[in-house]
>>> print(open('entry.cif').read())   # mmCIF, C-alpha atoms
data_my_file
loop_
_atom_site.label_atom_id
_atom_site.label_comp_id
_atom_site.auth_asym_id
_atom_site.auth_seq_id
_atom_site.Cartn_x
_atom_site.Cartn_y
_atom_site.Cartn_z
CA MET A 1 0.00 0.00 0.00
CA LYS A 2 2.89 2.34 0.80
CA ILE A 3 4.49 1.69 -2.60
CA LYS A 4 1.16 2.32 -4.30
CA SER A 5 0.83 5.70 -2.59
CA GLU A 6 4.37 6.58 -3.72
CA TYR A 7 3.42 5.72 -7.29
CA ILE A 8 0.41 8.02 -7.07
CA ALA A 9 2.52 10.74 -5.47
CA SER A 10 5.07 10.48 -8.30
CA PHE A 11 2.36 11.34 -10.81
CA LEU A 12 0.65 13.95 -8.67
CA LEU A 13 3.93 15.81 -8.29
CA PHE A 14 4.71 15.47 -12.00
CA PHE A 15 2.08 17.92 -13.25
CA PRO A 16 2.90 20.91 -11.01
CA LEU A 17 6.59 20.41 -11.75
CA LEU A 18 5.84 20.29 -15.46
CA ILE A 19 4.01 23.61 -15.19
CA ILE A 20 7.01 25.12 -13.44
CA GLN A 21 9.34 23.55 -16.02
CA ILE A 22 7.61 25.17 -18.98
CA THR A 23 6.65 28.54 -17.45
CA ILE A 24 9.29 29.54 -14.90
CA VAL A 25 12.39 27.45 -15.62
CA PRO A 26 13.05 29.02 -19.07
CA LEU A 27 13.53 32.33 -17.21
CA ILE A 28 16.56 30.91 -15.36
CA ALA A 29 18.28 29.53 -18.45
CA ILE A 30 22.01 30.23 -18.77
CA ASN A 31 23.25 30.48 -22.37
CA GLY A 32 20.32 28.38 -23.52
CA VAL A 33 20.98 25.65 -20.92
CA VAL A 34 17.94 24.82 -18.80
CA PRO A 35 17.71 22.43 -15.83
CA ASP A 36 15.23 19.56 -15.94
CA LEU A 37 13.08 19.33 -12.82
CA LEU A 38 11.39 16.18 -14.13
CA ILE A 39 14.71 14.31 -14.02
CA ILE A 40 15.13 15.25 -10.36
CA LEU A 41 11.68 13.83 -9.64
CA LEU A 42 12.41 10.71 -11.70
CA VAL A 43 15.71 10.04 -9.92
CA PHE A 44 14.05 10.62 -6.55
CA TYR A 45 11.37 8.02 -7.13
CA THR A 46 13.68 5.57 -8.86
CA LEU A 47 15.98 5.57 -5.82
CA ARG A 48 12.95 5.04 -3.61
CA LEU A 49 11.05 2.43 -5.64
CA GLY A 50 13.53 0.49 -7.79
CA GLN A 51 14.84 0.02 -11.32
CA LEU A 52 11.70 -1.50 -12.87
CA GLU A 53 9.44 1.16 -11.36
CA GLY A 54 11.88 3.88 -12.38
CA THR A 55 11.89 2.71 -16.00
CA ILE A 56 8.09 2.71 -16.15
CA ILE A 57 7.80 6.09 -14.41
CA GLY A 58 10.40 7.56 -16.76
CA PHE A 59 8.51 6.25 -19.79
CA SER A 60 5.26 7.75 -18.46
CA TYR A 61 6.87 11.11 -17.71
CA GLY A 62 8.30 11.20 -21.22
CA LEU A 63 4.93 10.34 -22.77
CA PHE A 64 3.08 13.12 -20.94
CA TYR A 65 5.89 15.60 -21.57
CA ASP A 66 5.85 14.96 -25.34
CA LEU A 67 2.05 15.14 -25.49
CA ILE A 68 1.79 18.36 -23.51
CA THR A 69 4.68 20.30 -25.04
CA GLY A 70 3.98 19.25 -28.63
CA GLY A 71 7.48 17.88 -29.16
CA LEU A 72 8.45 14.76 -31.11
CA LEU A 73 6.25 12.06 -29.57
CA GLY A 74 8.48 9.23 -28.47
CA SER A 75 11.72 11.17 -27.98
CA SER A 76 11.30 11.95 -24.28
CA MET A 77 9.61 8.59 -23.76
CA LEU A 78 12.78 6.87 -24.94
CA SER A 79 15.28 9.12 -23.16
CA LYS A 80 13.50 9.11 -19.79
CA ALA A 81 12.79 5.36 -19.86
CA ILE A 82 16.51 4.70 -20.40
CA THR A 83 17.38 7.29 -17.73
CA GLY A 84 15.09 5.58 -15.22
CA PHE A 85 16.71 2.26 -16.07
CA VAL A 86 20.28 3.58 -15.70
CA VAL A 87 19.50 5.38 -12.43
CA GLY A 88 17.85 2.19 -11.16
CA TYR A 89 21.27 0.56 -10.87
CA PHE A 90 21.85 2.80 -7.83
CA PHE A 91 18.72 1.56 -6.06
CA ASN A 92 19.46 -0.10 -2.75
CA GLU A 93 16.60 -1.10 -0.46
CA ASN A 94 18.77 -0.62 2.62
CA LYS A 95 20.32 2.70 1.68
CA LYS A 96 17.37 4.64 0.26
CA ASP A 97 17.29 7.33 2.88
CA ILE A 98 21.06 7.61 3.02
CA TYR A 99 21.31 8.26 -0.71
CA LEU A 100 18.53 10.80 -0.67
CA LYS A 101 20.15 12.77 2.13
CA SER A 102 23.75 12.78 0.94
CA TYR A 103 25.98 13.93 -1.93
CA VAL A 104 25.05 10.71 -3.78
CA PHE A 105 21.72 12.14 -4.86
CA PRO A 106 23.09 15.10 -6.89
CA LEU A 107 25.67 12.79 -8.46
CA VAL A 108 22.98 10.37 -9.57
CA VAL A 109 20.91 13.31 -10.85
CA LEU A 110 23.97 14.48 -12.79
CA LEU A 111 24.30 11.06 -14.40
CA GLY A 112 20.58 10.78 -15.13
CA SER A 113 20.25 14.25 -16.56
CA THR A 114 23.35 13.83 -18.72
CA VAL A 115 22.06 10.53 -20.11
CA ASP A 116 18.63 12.06 -20.77
CA SER A 117 19.94 15.19 -22.51
CA PHE A 118 22.51 13.25 -24.53
CA ILE A 119 20.04 10.65 -25.79
CA LEU A 120 17.51 13.35 -26.61
CA SER A 121 20.02 15.26 -28.72
CA PHE A 122 21.91 12.28 -30.12
CA PHE A 123 19.34 10.41 -32.14
CA THR A 124 17.73 13.59 -33.59
CA THR A 125 20.99 15.20 -34.69
CA ILE A 126 22.28 12.54 -37.02
CA GLU A 127 25.15 14.17 -38.90
CA LEU A 128 28.18 12.19 -39.90
CA ASN A 129 30.67 14.94 -39.09
CA THR A 130 29.27 15.66 -35.59
CA ASN A 131 31.86 16.19 -32.90
CA MET A 132 30.70 13.60 -30.37
CA LEU A 133 32.72 14.97 -27.46
CA GLY A 134 31.42 18.47 -28.09
CA LEU A 135 27.89 17.12 -28.40
CA PHE A 136 28.27 15.26 -25.12
CA VAL A 137 29.60 18.29 -23.25
CA GLN A 138 27.30 20.93 -24.75
CA GLN A 139 24.08 18.99 -24.89
CA GLY A 140 24.56 16.35 -22.21
CA LEU A 141 26.91 17.45 -19.47
CA LEU A 142 26.00 21.14 -19.10
CA PRO A 143 22.26 20.58 -18.58
CA GLY A 144 23.22 17.72 -16.26
CA ILE A 145 25.41 19.93 -14.08
CA TYR A 146 22.74 22.63 -13.85
CA THR A 147 20.09 20.07 -12.92
CA ALA A 148 22.36 18.46 -10.32
CA ILE A 149 22.99 21.83 -8.66
CA LEU A 150 19.24 22.42 -8.44
CA SER A 151 18.71 18.94 -6.97
CA ILE A 152 20.58 19.99 -3.83
CA ILE A 153 17.22 21.47 -2.77
CA VAL A 154 15.94 17.90 -2.29
CA ILE A 155 18.76 17.10 0.14
CA ILE A 156 18.03 20.23 2.15
CA PHE A 157 14.32 19.56 2.51
CA TYR A 158 14.32 15.74 2.67
CA PRO A 159 13.21 14.73 6.18
CA ARG A 160 15.76 12.96 8.34
CA ARG A 161 14.88 9.34 9.09
CA ARG A 162 13.38 9.01 12.51
CA LEU A 163 14.94 6.24 14.58
CA SER A 164 12.29 4.06 16.20
CA MET B 165 7.75 -23.93 -20.18
CA PRO B 166 5.75 -21.63 -17.91
CA ARG B 167 8.32 -22.26 -15.17
CA PHE B 168 11.10 -21.28 -17.53
CA LEU B 169 9.25 -18.08 -18.49
CA LEU B 170 8.63 -17.30 -14.83
CA THR B 171 12.31 -17.75 -14.04
CA LEU B 172 13.24 -15.61 -17.03
CA TRP B 173 10.86 -12.91 -15.87
CA ARG B 174 12.15 -12.95 -12.29
CA ASN B 175 15.77 -12.65 -13.37
CA PHE B 176 15.44 -10.24 -16.28
CA LYS B 177 12.18 -8.34 -15.81
CA GLU B 178 13.90 -4.94 -15.81
CA TYR B 179 15.59 -5.65 -19.16
CA ILE B 180 12.43 -7.11 -20.68
CA VAL B 181 10.39 -4.07 -19.67
CA LEU B 182 13.12 -1.72 -20.93
CA ILE B 183 13.25 -3.43 -24.33
CA LEU B 184 9.47 -3.32 -24.55
CA LEU B 185 9.27 0.38 -23.68
CA VAL B 186 12.14 1.28 -26.04
CA SER B 187 10.36 -0.57 -28.85
CA VAL B 188 7.14 1.30 -28.12
CA SER B 189 9.09 4.58 -28.15
CA PHE B 190 10.65 3.83 -31.54
CA TYR B 191 7.29 2.82 -32.94
CA THR B 192 5.73 6.03 -31.62
CA LEU B 193 8.54 8.03 -33.22
CA SER B 194 7.72 6.44 -36.56
CA ILE B 195 4.02 7.39 -36.46
CA ASN B 196 4.44 11.03 -35.46
CA GLN B 197 3.11 12.45 -38.71
CA LYS B 198 -0.13 10.48 -38.70
CA PRO B 199 -3.30 12.65 -38.43
CA GLY B 200 -4.61 10.68 -35.44
CA VAL B 201 -1.43 11.29 -33.45
CA LYS B 202 -1.46 15.01 -34.30
CA LYS B 203 -5.07 15.22 -33.14
CA VAL B 204 -4.24 13.56 -29.82
CA LYS B 205 -1.27 15.94 -29.33
CA SER B 206 -3.38 19.02 -30.06
CA VAL B 207 -6.06 17.92 -27.58
CA ALA B 208 -3.42 17.20 -24.92
CA PHE B 209 -1.53 20.47 -25.23
CA ALA B 210 -4.75 22.51 -25.50
CA SER B 211 -6.04 21.01 -22.25
CA PHE B 212 -2.81 21.69 -20.41
CA ALA B 213 -2.32 25.11 -21.95
CA VAL B 214 -5.36 26.37 -20.04
CA ILE B 215 -3.51 25.79 -16.79
CA THR B 216 -0.17 27.16 -17.96
CA SER B 217 -1.88 30.30 -19.25
CA VAL B 218 -3.19 30.96 -15.72
CA VAL B 219 0.30 30.66 -14.27
CA SER B 220 1.79 32.85 -17.00
CA ASP B 221 -0.76 35.55 -16.35
CA ALA B 222 0.13 35.58 -12.68
CA ILE B 223 3.79 36.03 -13.54
CA ASN B 224 3.22 38.91 -15.93
CA ILE B 225 2.59 42.41 -14.70
CA THR B 226 -0.56 43.57 -16.44
CA LYS B 227 0.02 47.28 -16.78
CA ILE B 228 3.47 47.00 -18.25
CA LYS B 229 2.22 44.17 -20.46
CA ASN B 230 -0.47 46.37 -22.04
CA GLU B 231 1.92 49.21 -22.73
CA ASN B 232 4.52 46.82 -24.10
CA GLU B 233 1.95 45.23 -26.39
CA ARG B 234 1.00 48.58 -27.82
CA LEU B 235 4.63 49.55 -28.40
CA ARG B 236 5.54 46.16 -29.84
CA ARG B 237 2.66 46.32 -32.30
CA VAL B 238 3.94 49.68 -33.50
CA ASN B 239 7.48 48.32 -33.73
CA ALA B 240 6.39 45.16 -35.54
CA GLU B 241 4.44 47.15 -38.12
CA LEU B 242 7.37 49.51 -38.61
CA MET B 243 9.78 46.58 -38.94
CA LEU B 244 7.66 45.08 -41.72
CA HIS B 245 7.47 48.41 -43.53
CA VAL B 246 11.20 49.03 -43.27
CA ASN B 247 12.00 45.56 -44.56
CA GLU B 248 9.65 45.99 -47.49
CA LEU B 249 11.27 49.33 -48.33
CA ARG B 250 14.73 47.70 -48.27
CA GLU B 251 13.57 45.14 -50.80
CA TYR B 252 11.96 47.73 -53.05
CA GLY B 253 15.05 49.94 -52.85
CA ILE B 254 17.14 47.07 -54.18
CA GLN B 255 14.67 45.81 -56.79
CA ASN B 256 13.74 49.26 -58.14
CA ILE B 257 10.25 50.45 -57.11
CA GLN B 258 9.55 52.17 -60.41
CA LEU B 259 10.30 49.03 -62.45
CA LYS B 260 7.91 46.97 -60.28
CA LYS B 261 5.16 49.58 -60.66
CA LEU B 262 5.63 49.57 -64.43
CA LEU B 263 5.34 45.77 -64.42
CA GLY B 264 2.15 46.01 -62.41
CA LEU B 265 3.29 43.94 -59.44
CA LYS B 266 1.11 43.98 -56.35
CA ASP B 267 1.85 46.18 -53.37
CA THR B 268 1.97 43.80 -50.41
CA LEU B 269 2.70 46.21 -47.58
CA HIS B 270 -0.21 45.39 -45.30
CA TYR B 271 -0.50 42.06 -43.47
CA PRO B 272 -2.90 41.17 -40.65
CA LEU B 273 -1.17 40.82 -37.28
CA ILE B 274 -2.68 38.67 -34.52
CA ALA B 275 -1.29 39.66 -31.11
CA ALA B 276 -0.37 36.74 -28.86
CA GLN B 277 1.37 35.96 -25.62
CA ILE B 278 3.71 33.07 -24.95
CA ILE B 279 2.28 30.94 -22.15
CA SER B 280 4.87 28.17 -22.11
CA LYS B 281 8.25 27.39 -23.60
CA SER B 282 9.82 24.01 -24.18
CA PHE B 283 13.50 24.36 -24.94
CA SER B 284 15.87 21.53 -25.52
CA ASN B 285 18.86 21.69 -27.82
CA VAL B 286 16.94 20.04 -30.64
CA GLN B 287 13.24 20.78 -30.18
CA GLY B 288 12.33 24.35 -29.36
CA THR B 289 8.61 25.01 -29.17
CA ILE B 290 6.45 27.70 -27.58
CA THR B 291 2.74 27.76 -26.84
CA LEU B 292 0.66 30.86 -27.65
CA ASN B 293 -2.67 31.94 -26.17
CA VAL B 294 -4.32 32.30 -29.60
CA GLY B 295 -5.73 29.53 -31.78
CA SER B 296 -8.03 28.79 -34.68
CA ARG B 297 -10.77 30.90 -33.13
CA ASN B 298 -8.50 33.94 -33.53
CA GLY B 299 -7.73 33.10 -37.14
CA VAL B 300 -4.45 31.30 -36.56
CA LYS B 301 -3.63 28.45 -38.94
CA PRO B 302 -0.72 26.01 -39.15
CA GLY B 303 2.06 27.42 -41.29
CA MET B 304 1.65 31.07 -40.28
CA PRO B 305 4.88 32.88 -39.37
CA VAL B 306 5.33 34.23 -35.84
CA ILE B 307 7.31 37.45 -35.39
CA ASN B 308 8.10 40.23 -32.95
CA ASP B 309 9.70 43.63 -33.42
CA GLU B 310 13.13 41.99 -33.78
CA GLY B 311 12.37 39.43 -36.47
CA LEU B 312 11.16 35.92 -37.25
CA ILE B 313 10.54 33.61 -34.29
CA GLY B 314 9.11 30.51 -35.98
CA LEU B 315 6.12 28.90 -37.65
CA VAL B 316 2.79 27.76 -36.23
CA TYR B 317 2.89 23.96 -36.16
CA ASN B 318 -0.43 22.96 -34.62
CA THR B 319 -3.55 24.75 -33.37
CA SER B 320 -6.53 24.11 -31.15
CA ASP B 321 -9.48 26.48 -30.69
CA ASP B 322 -7.67 28.82 -28.28
CA PHE B 323 -3.99 27.86 -28.36
CA SER B 324 -1.20 27.23 -30.82
CA ILE B 325 2.13 25.48 -30.78
CA VAL B 326 4.96 27.18 -32.61
CA ARG B 327 8.21 25.60 -33.77
CA ILE B 328 10.86 28.25 -33.19
CA LEU B 329 13.99 28.62 -35.31
CA ARG B 330 15.88 26.54 -32.71
CA ASN B 331 14.10 23.40 -33.77
CA PHE B 332 15.61 20.54 -35.71
CA ASP B 333 12.41 20.05 -37.72
CA LEU B 334 12.19 23.63 -39.01
CA LYS B 335 14.05 24.37 -42.24
CA LEU B 336 13.63 27.64 -44.12
CA THR B 337 14.73 29.11 -47.42
CA VAL B 338 16.64 32.30 -46.62
CA LYS B 339 18.60 34.92 -48.52
CA ASP B 340 21.67 37.04 -47.94
CA GLU B 341 20.25 40.55 -48.23
CA ARG B 342 23.47 42.00 -49.68
CA SER B 343 24.51 39.36 -52.20
CA ARG B 344 20.98 37.94 -52.83
CA ILE B 345 22.24 34.37 -52.41
CA ASP B 346 19.68 31.79 -51.30
CA GLY B 347 20.23 28.88 -48.95
CA ILE B 348 18.52 26.51 -46.52
CA LEU B 349 18.60 27.56 -42.87
CA LYS B 350 18.39 24.92 -40.17
CA TRP B 351 19.21 24.32 -36.50
CA ASN B 352 22.02 21.85 -35.90
CA GLY B 353 21.57 21.55 -32.14
CA LYS B 354 24.01 24.33 -31.35
CA ASN B 355 23.67 27.09 -33.94
CA LEU B 356 21.50 28.27 -36.80
CA VAL B 357 23.37 27.39 -39.97
CA ILE B 358 22.90 27.83 -43.69
CA VAL B 359 24.13 24.61 -45.23
CA ASN B 360 25.58 23.66 -48.60
CA VAL B 361 26.66 27.19 -49.54
CA PRO B 362 29.10 26.83 -52.45
CA LYS B 363 32.55 28.20 -51.70
CA THR B 364 32.34 30.53 -54.69
CA TYR B 365 29.26 32.32 -53.30
CA ASP B 366 29.66 35.80 -51.84
CA VAL B 367 28.76 35.58 -48.13
CA GLU B 368 30.55 37.62 -45.47
CA VAL B 369 30.46 37.96 -41.71
CA GLY B 370 28.02 40.73 -40.82
CA ASP B 371 25.66 40.07 -43.71
CA ARG B 372 21.99 40.32 -42.86
CA ILE B 373 19.89 37.19 -43.48
CA ILE B 374 16.19 37.43 -44.35
CA THR B 375 13.60 34.91 -45.48
CA SER B 376 13.69 34.32 -49.22
CA ASP B 377 10.87 35.12 -51.63
CA LEU B 378 11.56 31.69 -53.15
CA SER B 379 10.02 30.16 -50.04
CA THR B 380 6.41 29.07 -50.33
CA ILE B 381 6.23 28.81 -46.53
CA ILE B 382 7.04 32.51 -45.89
CA PRO B 383 6.54 34.50 -49.08
CA VAL B 384 7.36 37.88 -47.50
CA PRO B 385 10.86 38.97 -46.48
CA LEU B 386 11.32 38.76 -42.70
CA PRO B 387 14.57 39.43 -40.83
CA VAL B 388 16.17 36.28 -39.44
CA GLY B 389 19.67 37.18 -38.19
CA ASP B 390 23.26 38.17 -38.93
CA VAL B 391 26.08 36.04 -40.28
CA ILE B 392 28.60 35.53 -37.46
CA GLY B 393 30.83 32.88 -38.95
CA ILE B 394 31.67 30.93 -42.06
CA ASN B 395 32.88 27.37 -41.54
CA LYS B 396 35.16 26.76 -44.47
CA SER B 397 35.60 23.08 -45.17
CA SER B 398 39.11 22.07 -46.23
CA THR B 399 37.61 19.27 -48.34
CA GLY B 400 34.43 19.47 -50.39
CA ILE B 401 32.94 22.39 -52.25
CA PHE B 402 30.49 23.75 -49.66
CA ASN B 403 30.76 26.06 -46.67
CA GLU B 404 28.51 26.23 -43.64
CA VAL B 405 27.38 29.72 -42.61
CA THR B 406 26.54 30.36 -38.95
CA VAL B 407 23.73 32.83 -38.25
CA LYS B 408 22.92 34.58 -34.99
CA PRO B 409 19.15 35.21 -34.80
CA PHE B 410 17.85 38.69 -34.05
CA VAL B 411 15.29 37.31 -31.60
CA ASP B 412 16.23 36.45 -28.00
CA PHE B 413 14.15 33.30 -27.54
CA ILE B 414 14.74 33.17 -23.79
CA ARG B 415 13.31 36.65 -23.12
CA VAL B 416 10.59 36.94 -25.77
CA GLU B 417 7.11 37.12 -24.24
CA ASN B 418 4.74 38.96 -26.56
CA VAL B 419 4.59 38.12 -30.26
CA PHE B 420 2.47 38.54 -33.36
CA VAL B 421 1.19 35.86 -35.72
CA LEU B 422 1.40 37.03 -39.32
CA GLY B 423 -1.90 36.17 -40.96
CA ILE B 424 -0.53 34.66 -44.15
CA VAL B 425 -0.21 31.02 -45.17
CA LYS B 426 1.92 29.34 -47.81
CA SER B 427 0.82 29.68 -51.40
CA ASP B 428 -0.90 26.47 -52.51
CA GLU B 429 -1.32 27.92 -56.00
CA LYS B 430 2.45 28.45 -56.33
CA ASN B 431 3.12 24.98 -54.86
CA ASN B 432 0.71 23.31 -57.29
CA LEU B 433 2.05 25.29 -60.25
CA GLU B 434 5.65 24.29 -59.51
CA LEU B 435 4.62 20.68 -58.87
CA ASN B 436 2.71 20.51 -62.14
CA PHE B 437 5.68 22.06 -63.96
CA PHE B 438 8.05 19.37 -62.66
CA LYS B 439 5.52 16.66 -63.47
CA ARG B 440 5.29 17.89 -67.11
CA GLU B 441 9.08 18.03 -67.39
CA ASN B 442 9.26 14.39 -66.34
#
>>> encode(input="entry.cif", output="structure tokens")
Amino acid sequence: MKIKSEYIASFLLFFPLLIIQITIVPLIAINGVVPDLLIILLVFYTLRLGQLEGTIIGFSYGLFYDLITGGLLGSSMLSKAITGFVVGYFFNENKKDIYLKSYVFPLVVLLGSTVDSFILSFFTTIELNTNMLGLFVQQGLLPGIYTAILSIIVIIFYPRRRLS
Amino acid sequence: MPRFLLTLWRNFKEYIVLILLVSVSFYTLSINQKPGVKKVKSVAFASFAVITSVVSDAINITKIKNENERLRRVNAELMLHVNELREYGIQNIQLKKLLGLKDTLHYPLIAAQIISKSFSNVQGTITLNVGSRNGVKPGMPVINDEGLIGLVYNTSDDFSIVRILRNFDLKLTVKDERSRIDGILKWNGKNLVIVNVPKTYDVEVGDRIITSDLSTIIPVPLPVGDVIGINKSSTGIFNEVTVKPFVDFIRVENVFVLGIVKSDEKNNLELNFFKREN
């Protein structure tokens, strides 16, 4: 029952964050680089629920994001499903609260956001003379770093585990 | 057999689900252009746009917004007039009058506000608070006082989605205003570039780029940006010209939809001509 309520919470939180992502977040862009709040939410719930759940949640987030923003339907579905899967490797039933309250969380967000941004740009920019390293840094790593910095907010506000 | 499948599922369920979802994603990517999918997307974004428009309104300051809208309308109309005069100055106004060409100075402008932006490095789209009820149709250019922002991609009754210039799917025919050379402008994920420009063509840094009258999508000249670099290939016969757009897509808030659509008559005429040739 607790896992079910977390599933519901992951979708209830998705829509307000999406509104913020498309109305307010573009105002804090730096040189065209924007953070991705949805990745922070995805990583949070993947670390809490597991790899399988994270993959499904990522796929769902991507589906709604593509539908609502009018982008290429399927692009975010693919990138976020893979991101949820990759981040799921860090899931540990015994260390959930530790990861979410330590430096591990922003590092995982950095990885997830980099993977998401890179996949999203990679398969739609198919040019044979593309500089892959430049593509990775410009379109993968920079958004990842910005998102990871913003994810520190989760560590600050995440409640400490109460010892019974 | 069922036991084997159960064991397989227990050990590899994450991979099985991932492969399934990736396959669904690729399939969905392949059916993007189907009318049914477009209809679903327009219903989805229209429903959500109602909520984002409320949030956008709260963020904007109304008084300044009204004054800005009035000033931007004046600026946008002046920008169109100035650009038209540039073209006529080059092409010789008297010669056009003698030939009886139409004066196309006046275009309907539909004022709109951006209620959401979706920026990634490959798909830049914005949502406007005007739709088919306001006379907006897919294919109409979107501008502000600085220049071209993009093209309307999809509409619902009260909202529209616009593909901005920073979108991999948007390709335009443009022209160098000084040398009159045409080319195809596209977004490569990092910059706006004009591709396949022969090395012998006269293009220089600082040249002003406008939309070409060869384009059936945007038949009127609209400012796009300035040339900021020419990538000269050591092999091959083409250069790649980098263009900096006039419009600041991060800060733009109030825009105008230009009430013109691509010329079907011109399209059909050219298509029929090529069919006869073949």
>>> interface_residues(input="entry.cif", of="chain B", to="chain A", cutoff="7 Å", atoms="only C-alpha atoms", output="PyMOL selection string")
chain B and resi 178+182+186+189-190+192-193+196+205+208-209+212+216+220+279-282+285-287+325+352-353+414
>>> write_last_selection(input="entry.cif", atoms="C-alpha atoms", output="short mmCIF file (atom, residue, chain, number, x, y, z; two decimals), keeping the file's coordinate frame")
data_model
loop_
_atom_site.label_atom_id
_atom_site.label_comp_id
_atom_site.auth_asym_id
_atom_site.auth_seq_id
_atom_site.Cartn_x
_atom_site.Cartn_y
_atom_site.Cartn_z
CA GLU B 178 13.90 -4.94 -15.81
CA LEU B 182 13.12 -1.72 -20.93
CA VAL B 186 12.14 1.28 -26.04
CA SER B 189 9.09 4.58 -28.15
CA PHE B 190 10.65 3.83 -31.54
CA THR B 192 5.73 6.03 -31.62
CA LEU B 193 8.54 8.03 -33.22
CA ASN B 196 4.44 11.03 -35.46
CA LYS B 205 -1.27 15.94 -29.33
CA ALA B 208 -3.42 17.20 -24.92
CA PHE B 209 -1.53 20.47 -25.23
CA PHE B 212 -2.81 21.69 -20.41
CA THR B 216 -0.17 27.16 -17.96
CA SER B 220 1.79 32.85 -17.00
CA ILE B 279 2.28 30.94 -22.15
CA SER B 280 4.87 28.17 -22.11
CA LYS B 281 8.25 27.39 -23.60
CA SER B 282 9.82 24.01 -24.18
CA ASN B 285 18.86 21.69 -27.82
CA VAL B 286 16.94 20.04 -30.64
CA GLN B 287 13.24 20.78 -30.18
CA ILE B 325 2.13 25.48 -30.78
CA ASN B 352 22.02 21.85 -35.90
CA GLY B 353 21.57 21.55 -32.14
CA ILE B 414 14.74 33.17 -23.79
#
>>> atom_distance(input="entry.cif", atom1="atom CA of A:Ser102", atom2="atom CA of A:Phe136")
26.6 Å
>>> atom_distance(input="entry.cif", atom1="atom CA of B:Leu336", atom2="atom CA of B:Leu292")
21.2 Å
>>> axis_aligned_box(input="entry.cif", around="stretch 294-301 of chain B", padding_each_side="8 Å", output="lines of an AutoDock Vina configuration file")
center_x = -7.2
center_y = 31.2
center_z = -34.3
size_x = 23.1
size_y = 21.5
size_z = 25.3
>>> closest_residue(input="entry.cif", among="B:Val188, B:Val294, B:Ile183, B:Ile381", to="B:Ile424", atoms="only C-alpha atoms")
B:Ile381
